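Structure below is query37.pdb: PDB, C-alpha atoms, pLDDT in the B column.
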```pdb
ATOM      1  CA  MET S 279      70.592  51.323 -54.135  1.00 49.00           C
ATOM      2  CA  SER S 280      67.786  51.099 -51.645  1.00 57.00           C
ATOM      3  CA  GLY S 281      65.811  53.618 -53.686  1.00 68.00           C
ATOM      4  CA  LEU S 282      65.899  51.477 -56.829  1.00 65.00           C
ATOM      5  CA  GLY S 283      62.741  49.754 -57.892  1.00 69.00           C
ATOM      6  CA  ALA S 284      62.279  46.603 -59.950  1.00 64.00           C
ATOM      7  CA  PRO S 285      62.477  48.356 -63.345  1.00 66.00           C
ATOM      8  CA  GLU S 286      65.810  49.976 -62.447  1.00 64.00           C
ATOM      9  CA  LEU S 287      67.246  46.681 -61.171  1.00 56.00           C
ATOM     10  CA  ILE S 288      66.223  44.944 -64.385  1.00 63.00           C
ATOM     11  CA  ILE S 289      67.924  47.662 -66.430  1.00 64.00           C
ATOM     12  CA  ILE S 290      71.118  47.297 -64.358  1.00 58.00           C
ATOM     13  CA  LEU S 291      70.957  43.550 -64.848  1.00 52.00           C
ATOM     14  CA  PHE S 292      70.739  43.910 -68.638  1.00 56.00           C
ATOM     15  CA  ILE S 293      73.319  46.704 -68.893  1.00 67.00           C
ATOM     16  CA  ILE S 294      76.010  45.379 -66.548  1.00 66.00           C
ATOM     17  CA  VAL S 295      75.595  41.803 -65.381  1.00 61.00           C
ATOM     18  CA  ILE S 296      74.565  40.038 -68.587  1.00 65.00           C
ATOM     19  CA  PRO S 297      77.299  41.600 -70.797  1.00 62.00           C
ATOM     20  CA  VAL S 298      79.916  40.693 -68.169  1.00 60.00           C
ATOM     21  CA  LEU S 299      78.702  37.084 -68.152  1.00 59.00           C
ATOM     22  CA  ILE S 300      78.726  36.958 -71.949  1.00 64.00           C
ATOM     23  CA  ILE S 301      82.273  38.330 -72.115  1.00 65.00           C
ATOM     24  CA  TYR S 302      83.383  35.787 -69.511  1.00 61.00           C
ATOM     25  CA  TRP S 303      81.798  32.842 -71.355  1.00 60.00           C
ATOM     26  CA  LEU S 304      83.307  33.911 -74.688  1.00 67.00           C
ATOM     27  CA  SER S 305      86.760  34.724 -73.358  1.00 61.00           C
ATOM     28  CA  PRO S 306      89.672  32.764 -74.897  1.00 60.00           C
ATOM     29  CA  ARG S 307      91.188  32.077 -71.491  1.00 54.00           C
ATOM     30  CA  ARG S 308      88.013  30.423 -70.260  1.00 50.00           C
ATOM     31  CA  ALA S 309      87.672  28.440 -73.500  1.00 49.00           C
ATOM     32  CA  SER S 310      91.243  27.132 -73.271  1.00 50.00           C
ATOM     33  CA  SER S 311      90.787  25.996 -69.688  1.00 52.00           C
ATOM     34  CA  ALA S 312      87.274  24.598 -70.107  1.00 51.00           C
ATOM     35  CA  GLY S 313      87.067  21.026 -68.941  1.00 50.00           C
ATOM     36  CA  LYS S 314      90.367  21.100 -67.042  1.00 51.00           C
ATOM     37  CA  ALA S 315      90.557  19.996 -63.466  1.00 51.00           C
ATOM     38  CA  LYS S 316      92.371  22.195 -60.921  1.00 54.00           C
ATOM     39  CA  ASN S 317      95.595  20.247 -61.507  1.00 52.00           C
ATOM     40  CA  GLY S 318      95.565  21.276 -65.195  1.00 53.00           C
ATOM     41  CA  PHE S 319      94.679  17.881 -66.615  1.00 48.00           C
ATOM     42  CA  ARG S 320      91.586  17.320 -68.691  1.00 47.00           C
ATOM     43  CA  PRO S 321      89.349  14.521 -67.545  1.00 46.00           C
ATOM     44  CA  GLN S 322      89.237  11.622 -69.994  1.00 47.00           C
ATOM     45  CA  ARG S 323      86.526  12.266 -72.562  1.00 48.00           C
ATOM     46  CA  MET S 324      84.410   9.456 -73.819  1.00 48.00           C
ATOM     47  CA  MET S 325      84.805   8.881 -77.545  1.00 49.00           C
ATOM     48  CA  MET S 326      81.145   8.492 -78.253  1.00 59.00           C
ATOM     49  CA  GLY S 327      80.467   6.569 -81.404  1.00 81.00           C
ATOM     50  CA  ARG S 328      84.078   6.176 -82.541  1.00 93.00           C
ATOM     51  CA  LYS S 329      84.739   3.113 -84.652  1.00 95.00           C
ATOM     52  CA  ASN S 330      88.135   2.287 -86.140  1.00 95.00           C
ATOM     53  CA  ILE S 331      88.050   0.312 -89.389  1.00 93.00           C
ATOM     54  CA  SER S 332      91.031  -1.909 -90.155  1.00 90.00           C
ATOM     55  CA  SER S 333      91.996  -3.544 -93.419  1.00 84.00           C
ATOM     56  CA  GLY S 334      94.228  -5.916 -91.468  1.00 81.00           C
ATOM     57  CA  THR S 335      97.602  -4.869 -92.866  1.00 80.00           C
ATOM     58  CA  ASP S 336     100.711  -4.872 -90.698  1.00 79.00           C
ATOM     59  CA  TYR S 337     101.334  -1.227 -91.693  1.00 81.00           C
ATOM     60  CA  GLU S 338      98.318  -0.093 -89.671  1.00 86.00           C
ATOM     61  CA  LYS S 339      99.861  -1.497 -86.495  1.00 87.00           C
ATOM     62  CA  ILE S 340     103.377  -0.318 -87.321  1.00 89.00           C
ATOM     63  CA  ALA S 341     102.368   3.254 -88.192  1.00 91.00           C
ATOM     64  CA  GLY S 342      99.454   3.493 -85.734  1.00 93.00           C
ATOM     65  CA  TYR S 343      96.601   4.318 -88.080  1.00 93.00           C
ATOM     66  CA  SER S 344      93.256   2.943 -89.246  1.00 94.00           C
ATOM     67  CA  ARG S 345      92.008   2.430 -92.797  1.00 94.00           C
ATOM     68  CA  ALA S 346      89.006   4.530 -91.763  1.00 96.00           C
ATOM     69  CA  VAL S 347      87.538   6.109 -88.651  1.00 97.00           C
ATOM     70  CA  ARG S 348      83.877   6.755 -88.021  1.00 97.00           C
ATOM     71  CA  LEU S 349      83.017   9.347 -85.406  1.00 96.00           C
ATOM     72  CA  GLY S 350      79.326  10.061 -85.164  1.00 94.00           C
ATOM     73  CA  ASN S 351      78.086  10.493 -88.705  1.00 95.00           C
ATOM     74  CA  ARG S 352      81.536  11.327 -90.171  1.00 97.00           C
ATOM     75  CA  VAL S 353      83.773   8.766 -91.817  1.00 98.00           C
ATOM     76  CA  LEU S 354      87.368   9.626 -92.689  1.00 98.00           C
ATOM     77  CA  VAL S 355      89.247   7.227 -94.943  1.00 98.00           C
ATOM     78  CA  ALA S 356      93.038   7.292 -94.770  1.00 96.00           C
ATOM     79  CA  GLY S 357      95.269   7.680 -97.793  1.00 95.00           C
ATOM     80  CA  THR S 358      94.618   4.583 -99.871  1.00 94.00           C
ATOM     81  CA  THR S 359      96.897   3.042-102.482  1.00 95.00           C
ATOM     82  CA  ALA S 360      96.383   0.230-104.977  1.00 95.00           C
ATOM     83  CA  THR S 361      97.691  -2.473-102.672  1.00 90.00           C
ATOM     84  CA  ASP S 362      95.902  -5.814-102.655  1.00 87.00           C
ATOM     85  CA  GLY S 363      96.631  -7.743 -99.490  1.00 77.00           C
ATOM     86  CA  ALA S 364      99.943  -7.218 -97.769  1.00 71.00           C
ATOM     87  CA  SER S 365     102.093  -6.112-100.687  1.00 77.00           C
ATOM     88  CA  LYS S 366     100.689  -6.817-104.183  1.00 89.00           C
ATOM     89  CA  ILE S 367     100.427  -3.576-106.163  1.00 93.00           C
ATOM     90  CA  VAL S 368      97.492  -3.496-108.582  1.00 95.00           C
ATOM     91  CA  GLY S 369      97.737  -1.705-111.940  1.00 97.00           C
ATOM     92  CA  ILE S 370     101.476  -1.079-112.106  1.00 97.00           C
ATOM     93  CA  GLY S 371     102.006   1.647-114.728  1.00 97.00           C
ATOM     94  CA  ASP S 372      98.240   2.258-115.118  1.00 98.00           C
ATOM     95  CA  SER S 373      96.890   5.302-113.249  1.00 98.00           C
ATOM     96  CA  GLY S 374      93.276   4.546-114.164  1.00 98.00           C
ATOM     97  CA  ALA S 375      93.458   0.932-112.957  1.00 98.00           C
ATOM     98  CA  GLN S 376      95.071   2.030-109.694  1.00 98.00           C
ATOM     99  CA  THR S 377      92.386   4.681-109.169  1.00 98.00           C
ATOM    100  CA  GLU S 378      89.559   2.219-109.791  1.00 98.00           C
ATOM    101  CA  PHE S 379      91.042  -0.295-107.338  1.00 97.00           C
ATOM    102  CA  ILE S 380      91.550   2.477-104.768  1.00 97.00           C
ATOM    103  CA  ILE S 381      87.949   3.692-105.045  1.00 98.00           C
ATOM    104  CA  GLN S 382      86.684   0.133-104.615  1.00 97.00           C
ATOM    105  CA  LYS S 383      88.912  -0.257-101.554  1.00 95.00           C
ATOM    106  CA  ILE S 384      87.594   3.041-100.160  1.00 97.00           C
ATOM    107  CA  GLU S 385      84.035   1.869-100.828  1.00 97.00           C
ATOM    108  CA  ALA S 386      84.670  -1.329 -98.842  1.00 96.00           C
ATOM    109  CA  ALA S 387      85.998   0.697 -95.884  1.00 96.00           C
ATOM    110  CA  LEU S 388      83.003   3.041 -96.061  1.00 97.00           C
ATOM    111  CA  GLN S 389      80.631   0.067 -96.048  1.00 97.00           C
ATOM    112  CA  GLN S 390      82.345  -1.340 -92.951  1.00 95.00           C
ATOM    113  CA  ALA S 391      81.686   2.025 -91.315  1.00 96.00           C
ATOM    114  CA  GLY S 392      78.024   2.056 -92.374  1.00 96.00           C
ATOM    115  CA  ALA S 393      78.475   4.534 -95.223  1.00 97.00           C
ATOM    116  CA  GLU S 394      78.357   4.423 -99.004  1.00 97.00           C
ATOM    117  CA  LEU S 395      80.095   6.212-101.851  1.00 97.00           C
ATOM    118  CA  ARG S 396      77.067   8.533-102.116  1.00 97.00           C
ATOM    119  CA  ASP S 397      77.942   9.835 -98.620  1.00 98.00           C
ATOM    120  CA  VAL S 398      81.388  11.056 -99.743  1.00 98.00           C
ATOM    121  CA  VAL S 399      81.680  14.837 -99.526  1.00 98.00           C
ATOM    122  CA  ARG S 400      85.426  15.237-100.151  1.00 98.00           C
ATOM    123  CA  THR S 401      88.237  13.406-101.904  1.00 98.00           C
ATOM    124  CA  ARG S 402      91.927  14.213-102.105  1.00 98.00           C
ATOM    125  CA  ILE S 403      94.045  12.580-104.766  1.00 98.00           C
ATOM    126  CA  TYR S 404      97.837  12.568-104.790  1.00 98.00           C
ATOM    127  CA  LEU S 405      99.655  11.731-108.033  1.00 98.00           C
ATOM    128  CA  THR S 406     103.293  10.983-108.729  1.00 97.00           C
ATOM    129  CA  PRO S 407     104.960  12.746-111.683  1.00 96.00           C
ATOM    130  CA  ASP S 408     104.438   9.640-113.877  1.00 96.00           C
ATOM    131  CA  ALA S 409     100.679   9.475-113.218  1.00 97.00           C
ATOM    132  CA  ASP S 410      98.145  10.283-115.927  1.00 97.00           C
ATOM    133  CA  TRP S 411      95.862  12.839-114.267  1.00 98.00           C
ATOM    134  CA  GLU S 412      93.228  12.566-117.006  1.00 98.00           C
ATOM    135  CA  ALA S 413      92.862   8.793-116.518  1.00 98.00           C
ATOM    136  CA  VAL S 414      92.547   9.404-112.775  1.00 98.00           C
ATOM    137  CA  ALA S 415      89.970  12.153-113.298  1.00 98.00           C
ATOM    138  CA  ARG S 416      87.918   9.962-115.668  1.00 98.00           C
ATOM    139  CA  MET S 417      87.879   7.098-113.158  1.00 98.00           C
ATOM    140  CA  HIS S 418      86.933   9.508-110.342  1.00 98.00           C
ATOM    141  CA  GLY S 419      84.115  10.744-112.571  1.00 98.00           C
ATOM    142  CA  LYS S 420      82.945   7.192-113.267  1.00 98.00           C
ATOM    143  CA  TYR S 421      82.294   6.613-109.545  1.00 98.00           C
ATOM    144  CA  PHE S 422      81.587  10.142-108.308  1.00 98.00           C
ATOM    145  CA  GLY S 423      80.043  11.836-111.363  1.00 97.00           C
ATOM    146  CA  ASP S 424      76.562  12.007-109.813  1.00 97.00           C
ATOM    147  CA  ILE S 425      77.803  12.486-106.237  1.00 97.00           C
ATOM    148  CA  ARG S 426      80.240  15.291-107.062  1.00 98.00           C
ATOM    149  CA  PRO S 427      82.198  15.636-103.820  1.00 98.00           C
ATOM    150  CA  ALA S 428      84.654  18.452-103.288  1.00 98.00           C
ATOM    151  CA  ASN S 429      87.940  17.230-104.747  1.00 97.00           C
ATOM    152  CA  THR S 430      91.596  18.150-104.727  1.00 97.00           C
ATOM    153  CA  LEU S 431      94.025  16.661-107.230  1.00 96.00           C
ATOM    154  CA  LEU S 432      97.728  17.200-106.543  1.00 97.00           C
ATOM    155  CA  TYR S 433     100.980  16.173-108.149  1.00 96.00           C
ATOM    156  CA  ILE S 434     103.570  15.343-105.513  1.00 97.00           C
ATOM    157  CA  GLN S 435     107.195  14.259-105.769  1.00 96.00           C
ATOM    158  CA  ALA S 436     106.655  10.631-104.751  1.00 95.00           C
ATOM    159  CA  LEU S 437     104.554   8.150-102.807  1.00 95.00           C
ATOM    160  CA  VAL S 438     105.986   5.623-100.364  1.00 90.00           C
ATOM    161  CA  GLY S 439     106.253   2.765-102.902  1.00 88.00           C
ATOM    162  CA  ALA S 440     108.047   3.133-106.246  1.00 90.00           C
ATOM    163  CA  ASP S 441     105.233   1.594-108.324  1.00 95.00           C
ATOM    164  CA  TYR S 442     102.416   3.643-106.796  1.00 97.00           C
ATOM    165  CA  LEU S 443     101.036   6.331-109.066  1.00 98.00           C
ATOM    166  CA  VAL S 444      97.929   7.342-107.077  1.00 98.00           C
ATOM    167  CA  GLU S 445      96.871   7.730-103.462  1.00 98.00           C
ATOM    168  CA  MET S 446      93.407   8.902-102.408  1.00 98.00           C
ATOM    169  CA  GLU S 447      91.689  10.017 -99.198  1.00 98.00           C
ATOM    170  CA  ALA S 448      87.943  10.361 -98.713  1.00 98.00           C
ATOM    171  CA  GLU S 449      85.606  11.957 -96.199  1.00 98.00           C
ATOM    172  CA  ALA S 450      81.952  11.034 -95.871  1.00 98.00           C
ATOM    173  CA  ILE S 451      79.028  12.359 -93.860  1.00 97.00           C
ATOM    174  CA  ILE S 452      76.243   9.904 -93.307  1.00 96.00           C
ATOM    175  CA  SER S 453      72.841  11.549 -93.628  1.00 87.00           C
ATOM    176  CA  GLN S 454      70.288  10.294 -91.115  1.00 73.00           C
ATOM    177  CA  ALA S 455      67.628  10.501 -93.798  1.00 62.00           C
ATOM    178  CA  ASP S 456      69.584   8.162 -96.049  1.00 54.00           C
ATOM    179  CA  HIS S 457      70.555   5.566 -93.443  1.00 50.00           C
ATOM    180  CA  THR S 458      67.741   5.070 -90.974  1.00 48.00           C
TER     181      THR S 458
END
```
Could you write out this structure as structure tokens?
Amino acid sequence: MSGLGAPELIIILFIIVIPVLIIYWLSPRRASSAGKAKNGFRPQRMMMGRKNISSGTDYEKIAGYSRAVRLGNRVLVAGTTATDGASKIVGIGDSGAQTEFIIQKIEAALQQAGAELRDVVRTRIYLTPDADWEAVARMHGKYFGDIRPANTLLYIQALVGADYLVEMEAEAIISQADHT
């Protein structure tokens, strides 16, 4: 290689060395071990900007969940039912009333996280067989008609409580332009 000049060395660099480095950096094995110490354990990562929102129910402590979690500019709201306080079910037998109460409860959690209904980009709604999907859809439209998040509406066999007809989850992304 002593007879190689600068142009040849640059060509070798681009043909051999750089592709090898790219393959190494993109390799699945490297990606799966990234951030691990030699003993195989990952160092504790800081949860930058994570905020857990609680509604104060005992169920959150028992089941180990939060009403909502904000991480950076994302807010994820857990499955929400029409429960007022510890155990009072709102709108028994009325899918629309339950949905309205649920959306208001979701809105309160979003506000605690620094978001608003207009930041919601996705909702998931779970209905029991006795639920009136059209009443639920109309109430969803009342609050989200102009926002129009992605939405999934599913009938499921049952929810945890016998009188629940509706459960809803929401995901929001807070735009920096909207909340500065």
Item to complete: Could you tell me which residues the PyMOL selection byres ((chain S and resi 342-352) around 7) grabs in this file, written as a ChimeraX atom specification?
Response: /S:327-333,338-341,353-356,387,391,450-452
Worksheet entry | S:Lys383, S:Asp397, S:Leu443, S:Asp424 ranked by distance to Trp411 in chain S, top pick (using all atoms listed in the file) |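 Among the listed residues, the smallest separation from Trp411 in chain S belongs to S:Leu443.
Nearest-residue note for Ala386 in chain S: choosing from S:Val414, S:Arg400, S:Leu405, S:Thr358, the minimum distance belongs to S:Thr358, counting all atoms listed in the file.
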Discussion item. Between CA of Tyr337 in chain S and CA of Lys366 in chain S, what distance in Å does the model show, to one decimal?
Written reply: 13.7 Å
Worksheet item: Rounded to one decimal in Å, what is the spacing between CA of Glu449 in chain S and CA of His418 in chain S?
Response: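 Distance reported for this atom pair: 14.4 Å.
For the choices S:Gln382, S:Thr377, S:Gln435, S:Gln390, the atom-to-atom distance to Met417 in chain S is smallest for S:Thr377 when using only C-alpha atoms.
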